[in-house]
Structures are given as C-alpha cells and as structure tokens.
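Source file protein02.cif; content: mmCIF, C-alpha atoms and all ligand atoms.
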```cif
data_protein
loop_
_atom_site.label_atom_id
_atom_site.label_comp_id
_atom_site.auth_asym_id
_atom_site.auth_seq_id
_atom_site.Cartn_x
_atom_site.Cartn_y
_atom_site.Cartn_z
CA MET A 203 0.00 0.00 0.00
CA ILE A 204 1.25 3.45 -0.84
CA LYS A 205 1.55 5.62 2.22
CA LEU A 206 0.59 9.19 1.50
CA GLU A 207 3.24 11.74 2.18
CA LYS A 208 2.70 13.69 5.36
CA ILE A 209 2.95 17.40 5.92
CA ILE A 210 4.31 18.27 9.31
CA ALA A 211 5.17 21.69 10.63
CA HIS A 212 7.27 22.54 13.64
CA ILE A 213 6.52 25.89 15.20
CA ASP A 214 8.97 27.51 17.57
CA MET A 215 8.60 30.91 19.17
CA ASP A 216 11.60 33.18 18.74
CA ALA A 217 13.42 33.91 22.04
CA PHE A 218 10.09 33.30 23.76
CA TYR A 219 10.53 34.75 27.26
CA ALA A 220 12.70 37.62 26.08
CA SER A 221 10.27 38.48 23.27
CA ILE A 222 7.39 38.70 25.73
CA GLU A 223 9.39 40.96 28.05
CA ILE A 224 10.36 43.21 25.15
CA ARG A 225 6.76 43.30 23.97
CA ASP A 226 5.66 44.46 27.42
CA ASN A 227 8.42 47.00 27.83
CA PRO A 228 9.29 48.68 24.52
CA LYS A 229 12.32 50.36 26.11
CA LEU A 230 14.01 46.96 25.88
CA LYS A 231 13.62 46.82 22.12
CA GLY A 232 16.88 46.44 20.22
CA LYS A 233 18.84 45.87 23.43
CA PRO A 234 20.66 42.82 24.72
CA VAL A 235 18.03 41.44 27.07
CA LEU A 236 18.31 38.28 29.06
CA VAL A 237 15.70 36.62 31.16
CA GLY A 238 17.14 34.86 34.16
CA GLY A 239 17.65 34.81 37.90
CA LYS A 240 19.46 37.79 39.35
CA SER A 241 21.18 35.85 42.12
CA LYS A 242 24.80 34.72 41.91
CA ARG A 243 23.76 31.26 40.81
CA GLY A 244 21.13 32.43 38.34
CA VAL A 245 21.21 31.12 34.79
CA VAL A 246 19.99 32.58 31.52
CA THR A 247 16.68 31.03 30.50
CA THR A 248 16.26 32.98 27.26
CA CYS A 249 17.99 35.94 25.70
CA SER A 250 17.20 38.35 22.90
CA TYR A 251 18.93 38.04 19.53
CA GLU A 252 20.97 41.17 20.36
CA ALA A 253 22.31 39.41 23.46
CA ARG A 254 23.18 36.34 21.40
CA LYS A 255 25.58 38.45 19.35
CA TYR A 256 27.72 38.70 22.49
CA GLY A 257 27.86 34.94 22.75
CA ILE A 258 25.22 34.69 25.44
CA LYS A 259 23.25 31.45 25.36
CA SER A 260 20.48 29.74 27.26
CA ALA A 261 21.61 27.86 30.39
CA MET A 262 24.70 30.07 30.76
CA PRO A 263 25.29 31.39 34.31
CA VAL A 264 24.16 35.00 34.50
CA TYR A 265 27.51 36.20 35.89
CA ILE A 266 29.30 34.85 32.80
CA ALA A 267 26.73 36.52 30.55
CA LYS A 268 27.39 39.79 32.36
CA LYS A 269 31.10 39.45 31.70
CA LYS A 270 30.43 38.92 28.01
CA CYS A 271 28.07 41.88 27.84
CA PRO A 272 28.31 44.21 30.85
CA ASN A 273 25.44 46.44 29.74
CA CYS A 274 22.96 43.65 29.13
CA ILE A 275 19.59 44.06 30.78
CA ILE A 276 18.50 41.26 33.08
CA VAL A 277 14.81 40.64 33.55
CA ARG A 278 13.45 38.21 36.09
CA PRO A 279 11.27 35.49 34.62
CA ASN A 280 7.52 35.68 35.05
CA HIS A 281 6.47 32.10 34.40
CA LYS A 282 2.79 32.69 34.97
CA LYS A 283 2.75 35.26 32.21
CA TYR A 284 4.66 33.00 29.80
CA SER A 285 2.34 30.11 30.36
CA GLU A 286 -0.69 32.33 29.68
CA VAL A 287 0.86 33.56 26.43
CA SER A 288 1.61 29.95 25.51
CA LYS A 289 -2.00 28.90 26.09
CA LYS A 290 -3.21 31.75 23.96
CA ILE A 291 -0.86 30.82 21.11
CA PHE A 292 -1.91 27.17 21.09
CA LYS A 293 -5.56 28.15 21.21
CA ILE A 294 -5.02 30.32 18.13
CA ILE A 295 -3.29 27.43 16.37
CA ASN A 296 -6.15 25.08 17.24
CA GLU A 297 -8.78 27.47 16.01
CA ASN A 298 -7.09 28.73 12.86
CA VAL A 299 -4.81 26.00 11.57
CA THR A 300 -5.49 22.51 12.93
CA ASP A 301 -6.33 20.74 16.15
CA LYS A 302 -3.79 18.03 15.35
CA VAL A 303 -1.15 19.68 17.47
CA GLU A 304 1.47 18.12 19.73
CA LYS A 305 2.75 20.68 22.18
CA VAL A 306 6.28 19.69 23.12
CA SER A 307 7.18 22.59 25.36
CA ILE A 308 5.87 25.98 26.40
CA ASP A 309 6.87 27.55 23.08
CA GLU A 310 7.06 24.81 20.50
CA GLY A 311 4.96 22.13 18.92
CA TYR A 312 4.31 19.94 15.92
CA LEU A 313 1.31 20.36 13.63
CA ASP A 314 0.04 17.58 11.39
CA LEU A 315 -1.18 19.39 8.28
CA THR A 316 -1.67 16.34 6.09
CA ASP A 317 -5.44 16.93 6.02
CA HIS A 318 -4.88 20.44 4.73
CA LYS A 319 -2.66 19.64 1.75
CA ILE A 320 -4.37 22.22 -0.42
CA ASP A 321 -4.40 25.27 1.80
CA TYR A 322 -1.90 24.71 4.60
CA MET A 323 0.32 27.55 3.42
CA ASN A 324 -2.56 30.01 3.59
CA ARG A 325 -3.46 28.78 7.05
CA LEU A 326 0.11 29.26 8.25
CA LYS A 327 0.35 32.68 6.66
CA TYR A 328 -2.83 33.68 8.43
CA LEU A 329 -1.46 32.25 11.67
CA ARG A 330 1.55 34.54 11.43
CA GLU A 331 -0.73 37.54 11.01
CA VAL A 332 -2.96 36.61 13.93
CA ILE A 333 -0.11 35.84 16.34
CA ASN A 334 1.63 39.01 15.34
CA LYS A 335 -1.50 41.05 15.98
CA GLU A 336 -2.97 39.30 18.99
CA VAL A 337 0.14 38.10 20.79
CA GLY A 338 2.78 40.46 19.50
CA ILE A 339 5.74 38.11 19.15
CA THR A 340 7.28 36.21 16.25
CA PHE A 341 7.90 32.54 15.56
CA SER A 342 9.76 30.35 13.13
CA LEU A 343 8.25 27.54 11.11
CA GLY A 344 9.76 24.44 9.64
CA ILE A 345 7.79 22.31 7.22
CA SER A 346 8.65 18.86 6.03
CA TYR A 347 7.36 15.31 5.72
CA ASN A 348 8.43 14.16 9.18
CA LYS A 349 9.04 15.54 12.66
CA PHE A 350 12.81 15.34 12.63
CA LEU A 351 13.14 17.37 9.45
CA ALA A 352 10.42 19.85 10.43
CA LYS A 353 12.36 20.65 13.60
CA ILE A 354 15.63 21.04 11.72
CA ALA A 355 13.79 23.38 9.32
CA SER A 356 12.28 25.62 12.02
CA ASP A 357 15.78 26.27 13.30
CA TRP A 358 17.04 27.15 9.81
CA ASN A 359 16.65 30.92 9.70
CA LYS A 360 15.41 32.24 13.01
CA PRO A 361 13.86 34.66 13.89
CA ASN A 362 10.59 34.95 11.97
CA GLY A 363 11.82 32.19 9.69
CA LEU A 364 10.18 29.81 7.27
CA LYS A 365 11.91 26.82 5.78
CA ILE A 366 10.58 23.88 3.82
CA ILE A 367 12.58 20.69 3.48
CA LYS A 368 11.35 18.56 0.61
CA PHE A 369 11.77 14.89 -0.01
CA GLU A 370 14.31 15.43 -2.77
CA ASP A 371 16.43 17.78 -0.61
CA VAL A 372 17.46 14.98 1.72
CA PRO A 373 20.15 14.07 2.66
CA GLU A 374 22.10 16.69 0.65
CA ILE A 375 20.66 19.66 2.55
CA LEU A 376 21.61 18.16 5.90
CA LYS A 377 25.24 17.47 5.07
CA PRO A 378 26.76 20.84 6.08
CA LEU A 379 24.87 20.95 9.41
CA SER A 380 26.74 20.54 12.64
CA ILE A 381 26.05 17.21 14.35
CA THR A 382 24.69 19.17 17.32
CA LYS A 383 21.63 20.01 15.21
CA VAL A 384 20.68 16.35 15.28
CA HIS A 385 18.24 15.53 18.04
CA GLY A 386 19.80 12.89 20.27
CA ILE A 387 23.39 14.08 19.95
CA GLY A 388 24.33 15.73 23.21
CA SER A 389 27.52 17.52 24.20
CA LYS A 390 29.20 14.30 25.28
CA SER A 391 28.54 12.49 22.02
CA LYS A 392 29.61 15.60 20.19
CA GLU A 393 32.98 15.54 21.90
CA ASN A 394 33.46 11.84 21.18
CA LEU A 395 32.55 12.32 17.54
CA ASN A 396 34.76 15.38 17.16
CA ASN A 397 37.61 13.30 18.52
CA ILE A 398 37.27 10.90 15.61
CA GLY A 399 36.99 13.74 13.11
CA ILE A 400 33.21 13.90 12.75
CA TYR A 401 31.78 17.39 12.80
CA THR A 402 28.93 17.52 10.31
CA VAL A 403 25.94 15.42 9.35
CA GLY A 404 27.85 14.73 6.12
CA ASP A 405 30.61 13.11 8.16
CA LEU A 406 28.03 11.18 10.14
CA LEU A 407 26.45 9.83 6.96
CA LEU A 408 29.70 7.98 6.24
CA LEU A 409 29.33 5.76 9.30
CA ASN A 410 27.55 2.45 8.95
CA LYS A 411 24.69 1.27 11.13
CA GLU A 412 26.79 -1.07 13.27
CA TYR A 413 29.22 1.69 14.08
CA MET A 414 26.39 4.08 14.96
CA VAL A 415 25.04 1.53 17.42
CA GLU A 416 28.51 1.19 18.90
CA ILE A 417 28.65 4.93 19.53
CA PHE A 418 25.09 5.72 20.53
CA GLY A 419 23.72 2.42 21.78
CA LYS A 420 20.26 1.43 20.54
CA HIS A 421 19.64 5.09 19.86
CA GLY A 422 22.15 4.75 17.03
CA ILE A 423 19.65 3.20 14.61
CA GLU A 424 17.25 6.10 15.08
CA ILE A 425 19.96 8.64 14.36
CA TYR A 426 21.15 6.59 11.41
CA ASP A 427 17.63 6.64 9.95
CA ARG A 428 16.81 10.24 10.75
CA ILE A 429 19.78 11.78 9.00
CA ARG A 430 18.62 9.83 5.95
CA GLY A 431 15.18 11.41 6.23
CA LYS A 432 13.42 8.49 7.85
CA ASP A 433 11.35 9.24 10.93
CA LEU A 434 8.03 7.48 11.46
CA ARG A 435 7.04 9.24 14.68
CA GLU A 436 3.46 10.51 14.58
CA VAL A 437 2.33 13.92 15.73
CA GLU A 438 0.70 12.90 19.00
CA TYR A 439 -2.24 15.17 19.36
CA LYS A 440 -4.97 14.71 21.90
CA LYS A 441 -8.22 13.86 20.29
CA ARG A 442 -10.76 16.10 21.94
CA ILE A 443 -14.44 15.46 21.60
CA SER A 444 -15.94 18.86 21.03
CA LYS A 445 -18.80 19.97 23.21
CA SER A 446 -20.58 21.45 20.25
CA ILE A 447 -20.05 21.94 16.56
CA GLY A 448 -21.65 24.81 14.78
CA LYS A 449 -21.62 27.53 12.19
CA GLU A 450 -22.68 31.12 12.35
CA ARG A 451 -22.56 34.03 10.01
CA THR A 452 -23.18 37.74 10.07
CA LEU A 453 -25.72 38.42 7.37
CA LYS A 454 -24.80 40.54 4.40
CA GLU A 455 -27.84 42.63 5.11
CA ASP A 456 -30.06 42.59 8.20
CA THR A 457 -33.25 40.70 7.47
CA LYS A 458 -36.25 38.95 8.96
CA ASP A 459 -37.18 37.18 5.76
CA ILE A 460 -37.66 33.61 6.91
CA LYS A 461 -37.01 32.22 3.44
CA GLU A 462 -33.66 33.95 3.32
CA LEU A 463 -32.75 32.75 6.84
CA LYS A 464 -33.64 29.17 5.95
CA LYS A 465 -31.10 29.30 3.15
CA TYR A 466 -28.41 29.89 5.73
CA LEU A 467 -29.73 27.09 7.92
CA TYR A 468 -29.67 24.74 4.98
CA ALA A 469 -26.03 25.57 4.20
CA PHE A 470 -25.06 25.27 7.87
CA SER A 471 -26.77 21.88 8.12
CA LYS A 472 -24.69 20.54 5.24
CA GLU A 473 -21.45 21.94 6.66
CA ILE A 474 -22.16 20.60 10.13
CA GLU A 475 -22.94 17.18 8.72
CA ASP A 476 -19.54 17.15 7.00
CA SER A 477 -17.72 17.99 10.24
CA ILE A 478 -19.49 15.48 12.42
CA VAL A 479 -19.31 12.64 9.93
CA GLU A 480 -15.59 13.21 9.71
CA GLU A 481 -15.36 12.85 13.48
CA ASN A 482 -17.77 9.89 13.68
CA LEU A 483 -20.12 11.86 15.87
CA TYR A 484 -23.89 11.74 16.22
CA PHE A 485 -25.86 14.48 17.92
CA LYS A 486 -29.12 14.78 19.77
CA THR A 487 -29.40 18.49 20.55
CA ILE A 488 -29.85 21.29 18.05
CA THR A 489 -29.41 24.94 18.94
CA ILE A 490 -30.19 27.98 16.94
CA LYS A 491 -28.73 31.37 17.73
CA ILE A 492 -29.75 34.75 16.44
CA LYS A 493 -28.56 38.26 17.01
CA THR A 494 -30.95 41.12 16.28
CA THR A 495 -30.19 44.48 14.73
CA ASN A 496 -29.97 45.83 18.29
CA PHE A 497 -27.35 43.23 19.17
CA GLU A 498 -29.64 41.17 21.37
CA THR A 499 -28.78 37.50 21.30
CA HIS A 500 -31.35 34.71 21.57
CA THR A 501 -30.86 30.99 21.49
CA LYS A 502 -33.31 28.14 21.29
CA SER A 503 -32.57 24.43 21.58
CA ARG A 504 -34.31 21.16 21.10
CA THR A 505 -33.23 17.66 21.96
CA ILE A 506 -34.56 14.97 19.66
CA ASN A 507 -35.24 11.33 20.53
CA VAL A 508 -32.45 9.66 18.63
CA PHE A 509 -28.86 10.35 17.78
CA THR A 510 -28.33 11.32 14.20
CA SER A 511 -25.80 12.85 11.83
CA ASP A 512 -28.30 13.58 9.10
CA SER A 513 -28.30 17.10 7.69
CA GLU A 514 -31.91 16.73 6.53
CA VAL A 515 -33.05 16.09 10.08
CA LEU A 516 -30.91 18.95 11.30
CA TYR A 517 -32.33 21.34 8.73
CA ARG A 518 -35.91 20.35 9.50
CA GLU A 519 -35.44 20.86 13.24
CA ALA A 520 -33.62 24.15 12.68
CA CYS A 521 -36.54 25.44 10.62
CA LYS A 522 -38.95 24.55 13.39
CA LEU A 523 -36.77 26.37 15.91
CA ILE A 524 -36.50 29.54 13.87
CA GLN A 525 -40.25 29.58 13.44
CA ASP A 526 -40.67 29.16 17.21
CA ILE A 527 -38.47 32.13 17.96
CA ASN A 528 -41.04 34.51 16.53
CA ILE A 529 -38.83 37.10 14.97
CA ASP A 530 -40.19 40.60 14.98
CA GLU A 531 -36.92 42.44 14.51
CA LYS A 532 -34.45 42.11 11.71
CA LEU A 533 -31.51 39.82 12.34
CA ARG A 534 -27.85 40.59 11.85
CA LEU A 535 -26.48 37.14 12.66
CA ILE A 536 -27.69 33.58 12.50
CA GLY A 537 -26.05 30.46 13.84
CA LEU A 538 -26.75 26.76 14.10
CA SER A 539 -24.99 24.21 16.27
CA VAL A 540 -25.34 20.65 17.44
CA SER A 541 -24.27 19.09 20.73
CA ASN A 542 -24.93 16.19 23.06
CA PHE A 543 -22.75 13.81 21.07
CA ILE A 544 -22.20 10.12 20.91
CA ASN A 545 -19.21 8.66 19.14
CA TYR A 546 -19.93 5.60 17.01
CA ASN A 547 -17.18 3.72 15.34
CA LYS A 548 -19.23 2.65 12.41
CA LYS A 549 -21.91 4.53 10.67
CA GLN A 550 -25.39 3.75 11.90
CA ILE A 551 -28.65 4.53 10.27
CA SER A 552 -30.73 7.32 11.65
CA PHE A 553 -34.00 5.92 12.96
CA PHE A 554 -35.62 9.23 12.60
CA GLU A 555 -37.28 8.74 9.28
MG MG B 601 11.77 28.86 21.03
#
```
The structure in this file should be written as structure tokens.
Amino acid sequence: MIKLEKIIAHIDMDAFYASIEIRDNPKLKGKPVLVGGKSKRGVVTTCSYEARKYGIKSAMPVYIAKKKCPNCIIVRPNHKKYSEVSKKIFKIINENVTDKVEKVSIDEGYLDLTDHKIDYMNRLKYLREVINKEVGITFSLGISYNKFLAKIASDWNKPNGLKIIKFEDVPEILKPLSITKVHGIGSKSKENLNNIGIYTVGDLLLLNKEYMVEIFGKHGIEIYDRIRGKDLREVEYKKRISKSIGKERTLKEDTKDIKELKKYLYAFSKEIEDSIVEENLYFKTITIKIKTTNFETHTKSRTINVFTSDSEVLYREACKLIQDINIDEKLRLIGLSVSNFINYNKKQISFFE
C-alpha cells in the first residue's frame, strides 16, 4: 500500500521569554536582554537576539553573561505570564490551523497538516498575522514530511523564519549541518565524535549502522535513519471530543425574511454534517442562535429522541426552531450548532425517518 506523504510543521517561538518581556516594555527593544535569575547562581533562561551576538546562550550562568556583555539588561522570569501567552498561542493554532497539534514545550509544537494539503500555506500565513496582531511576538516555522526534518527546518533561519525541506532535498541539505543540530546528539557524544573527526551530518552519513550503534547504543539506529530522512514518529495530538459543533454568520444585510434565513440554515446543516461525519459523531441536541439588529442574542434548543448525523433532520429541526423564535426584529447574525454527542465507530442509520 502506498503511504501518502505527510505534511508536518514545527513551530517555535523566537526567544520566547525575552520576546514577551520586550513586547511588554518597549524600552528593551533592540537591546541585549536576558531573562534569568538575578542571584549569583542564576542562569539565563532565554535571551534576545541582540544578546546572542555577544555569545550569550540559554543555560549560561548570569555572571558569565554579564562578563560577556556588561550592559545587558537582566529581567526576572515571570512564568505565569509566559504560560498564559503559551496557552493563547496554542488556542489560536487550534482554532485557525489545525487541532492536530502536539505541544512539546511551552513555546514549541508539531502540527500535522496532512489533512490540509491544499491550503496549509494560507493557514500558516494567516497564523503569522494573527499571532503578530494578537500576541505580539514572532515565531519560526519548519515544514517537512516528518518531525525530525520539520524541527531542523524551524531552526534554519530564526527569527521569523520559514523553511521547507522537501523529499528530494534529503540528505544533501543536511550534510553541512553541525552534528549538534541532530536531536539525540548531546555535548558528550559531540565531543566523542569530534575526537574521531566527525563534525557535520555529512561526516556522520559515512558511518555504517553497526558503528552508529557502537557509539550511541540502541539510539544509534534512530539517528542513522533520521539523518537519511526516515522518521516514522506521529504527531501525537490529543483527540478532543468537542462539546458542540456549529456555524454562524453575520448576514450581508439585516433581514427577517424567513425564506432567506432558511437558506443559511440549509447551508449550515450541510457543513455541520460534514464535520461530524468526519469525526464519527452523532448528535441529539440542536441549537439555533440569532442576534438582532440591536445586538440582542437569543438561542433556542431542542433535543430529539435519537442520535443522528443527518443534515436533513438537522435542517428540518432548525426550521422549526426559527419559526418558534417569533422574529419581529431584523436579524444581523444567524447560527446553528449541534451538541450532546455520541461517538460511534461505524456509521449507523438514523431511525428518525
Ligand atoms: Mg523557542
């Protein structure tokens, strides 16, 4: 069987903590900023790109950083704030790009975009706009056909970077990279490899599997495969069962024409059916939402006797609900949603008819 090629993105915020601090205090902009403990034993958790020019790195003791750059500005970390920003970012990703997201740390994650082959670039472009506007920091994106390469790619041209590694680029494109870019090669292995004259991925590609195992233990096979572009790890996203699935739209023109409104309900019913069938869900409760010209919101729900995924049933119930609402004002928005789900593994017939 032919396995379809995957599209995986790795997203990584640029100098996450430092970027947030600079965002919140514009005086820090363009300056060497490091976030870390101020005590003698404090270490740098993140530093701005300006600070990196002085050779300051994460995990470096703050007193050494100060020696390298005496006028650097040290900001104490505010972890609560960072975790809130992180939550906001991942919520934006979920809502605008995909919910197949594996968060691997506070500021990075993998996105499985295979389902969005046609428009994933537009989604990611839009994501950059939204995060820029609503969060106010930048990120770098790597795109490839597996996790290992996507992560290598996101690190390619930070900050605000975008890099795509294609099937045909591998392994050539990896050859000049330092072995430290390869996940699984720590500082100790690096030293050992340097001692035998191996500095780049290109050098590493010359070693055979047996020798890799000798150096890295059982981990050796993974590294051997990965630098050849083979990595079968899945993006491990949590499958969430939504509480409700729905559609709503602001009308082009305010109206109380029931015929016109039913057109929307019909379109929504079809769209909702598509979403729930894809997720193997069946619903029992139907809710209609309207907003009047005066911005008053009303909702009305009905729970039917059987679970269904049928758009015809949904449309019929929605029409009843809109008639029950008794509209005397024009509407500016109409919405339809379904909830109260059951998850069947195989399609079952609606008993409604
Ligand atoms: Mg980062």
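Among the candidates A:Glu331, A:Glu455, A:Glu370, A:Asp357, the residue lying nearest to ligand MG 601 (chain B) is A:Asp357 (atoms considered: all atoms listed in the file).
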Open item on the list: What's around segment 416-431 of chain A at 10 Å? Count all atoms listed in the file, leave out sequence neighbours fewer than 3 positions away in its own chain, and write the answer as a ChimeraX atom specification.
Closed with: /A:346-351,368-374,376-377,381,384-387,391,394-395,403-404,406-407,409-413,434
Based on the selection just made, write C-alpha atoms of those residues as a short mmCIF file (atom, residue, chain, number, x, y, z; two decimals), in the coordinates of the input.
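Okay, this is what ended up in result-v6.cif:
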```cif
data_model
loop_
_atom_site.label_atom_id
_atom_site.label_comp_id
_atom_site.auth_asym_id
_atom_site.auth_seq_id
_atom_site.Cartn_x
_atom_site.Cartn_y
_atom_site.Cartn_z
CA SER A 346 8.65 18.86 6.03
CA TYR A 347 7.36 15.31 5.72
CA ASN A 348 8.43 14.16 9.18
CA LYS A 349 9.04 15.54 12.66
CA PHE A 350 12.81 15.34 12.63
CA LEU A 351 13.14 17.37 9.45
CA LYS A 368 11.35 18.56 0.61
CA PHE A 369 11.77 14.89 -0.01
CA GLU A 370 14.31 15.43 -2.77
CA ASP A 371 16.43 17.78 -0.61
CA VAL A 372 17.46 14.98 1.72
CA PRO A 373 20.15 14.07 2.66
CA GLU A 374 22.10 16.69 0.65
CA LEU A 376 21.61 18.16 5.90
CA LYS A 377 25.24 17.47 5.07
CA ILE A 381 26.05 17.21 14.35
CA VAL A 384 20.68 16.35 15.28
CA HIS A 385 18.24 15.53 18.04
CA GLY A 386 19.80 12.89 20.27
CA ILE A 387 23.39 14.08 19.95
CA SER A 391 28.54 12.49 22.02
CA ASN A 394 33.46 11.84 21.18
CA LEU A 395 32.55 12.32 17.54
CA VAL A 403 25.94 15.42 9.35
CA GLY A 404 27.85 14.73 6.12
CA LEU A 406 28.03 11.18 10.14
CA LEU A 407 26.45 9.83 6.96
CA LEU A 409 29.33 5.76 9.30
CA ASN A 410 27.55 2.45 8.95
CA LYS A 411 24.69 1.27 11.13
CA GLU A 412 26.79 -1.07 13.27
CA TYR A 413 29.22 1.69 14.08
CA LEU A 434 8.03 7.48 11.46
#
```
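Among the candidates A:Glu436, A:Glu207, A:Glu531, A:Asp216, the one nearest to Phe341 of chain A when counting only C-alpha atoms is A:Asp216.
Residue nearest Arg504 of chain A, chosen from A:Ser260, A:Asp476, A:Thr300, A:Val540 and counting only C-alpha atoms: A:Val540.
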- [ ] Find the spatial neighbours of Asp459 of chain A, counting all atoms listed in the file, within a cut-off of 12 Å - ignore same-chain residues fewer than 2 positions away - and output them as a PyMOL selection string.
- [x] chain A and resi 453+455-457+461-466+524-525+528-534
Task: Surrounding residues as a ChimeraX atom specification, ligand MG 601 (chain B), max 9 Å, all atoms listed in the file - done: /A:213-219,248,307-310,341-342
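You will find atom CA of Thr489 of chain A at 11.2 Å from atom CA of Tyr517 of chain A.
For the atom pair formed by atom CA of Tyr312 of chain A and atom CA of Ala355 of chain A, the distance is 12.1 Å, given to one decimal.
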Task: Non-local contacts of Leu483 of chain A (7 Å; only C-alpha atoms; under 4 positions in same chain excluded) as a ChimeraX atom specification - done: /A:478-479,543-546
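Going from atom CA of Ser380 of chain A to atom CA of Ala267 of chain A covers 24.0 Å.
Each of A:Met262, A:Ala352, A:Ala220, A:Leu408 was checked against Ile276 of chain A using all atoms listed in the file; the smallest atom-to-atom distance is that of A:Ala220.
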Open item on the list: Neighbouring residues of segment 314-329 of chain A were defined as those with any atom within 6 Å, considering all atoms listed in the file; residues of the same chain fewer than 4 positions away were excluded. Please report them as an MDAnalysis selection string.
Closed with: chainID A and resid 208:210 299 302
Open item on the list: Residues within 10 Å of Lys283 of chain A, please, as a ChimeraX atom specification. Count all atoms listed in the file; anything in the same chain fewer than 4 positions from it doesn't count.
Closed with: /A:219,222-223,279,287-288
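Among the candidates A:Leu535, A:Lys360, A:Gly244, A:Tyr284, the one nearest to Thr499 of chain A when counting only C-alpha atoms is A:Leu535.
Compared by their closest atoms to Ile295 of chain A, and using all atoms listed in the file, the residues A:Ala211, A:Leu230, A:Val508, A:Val277 rank with A:Ala211 nearest.
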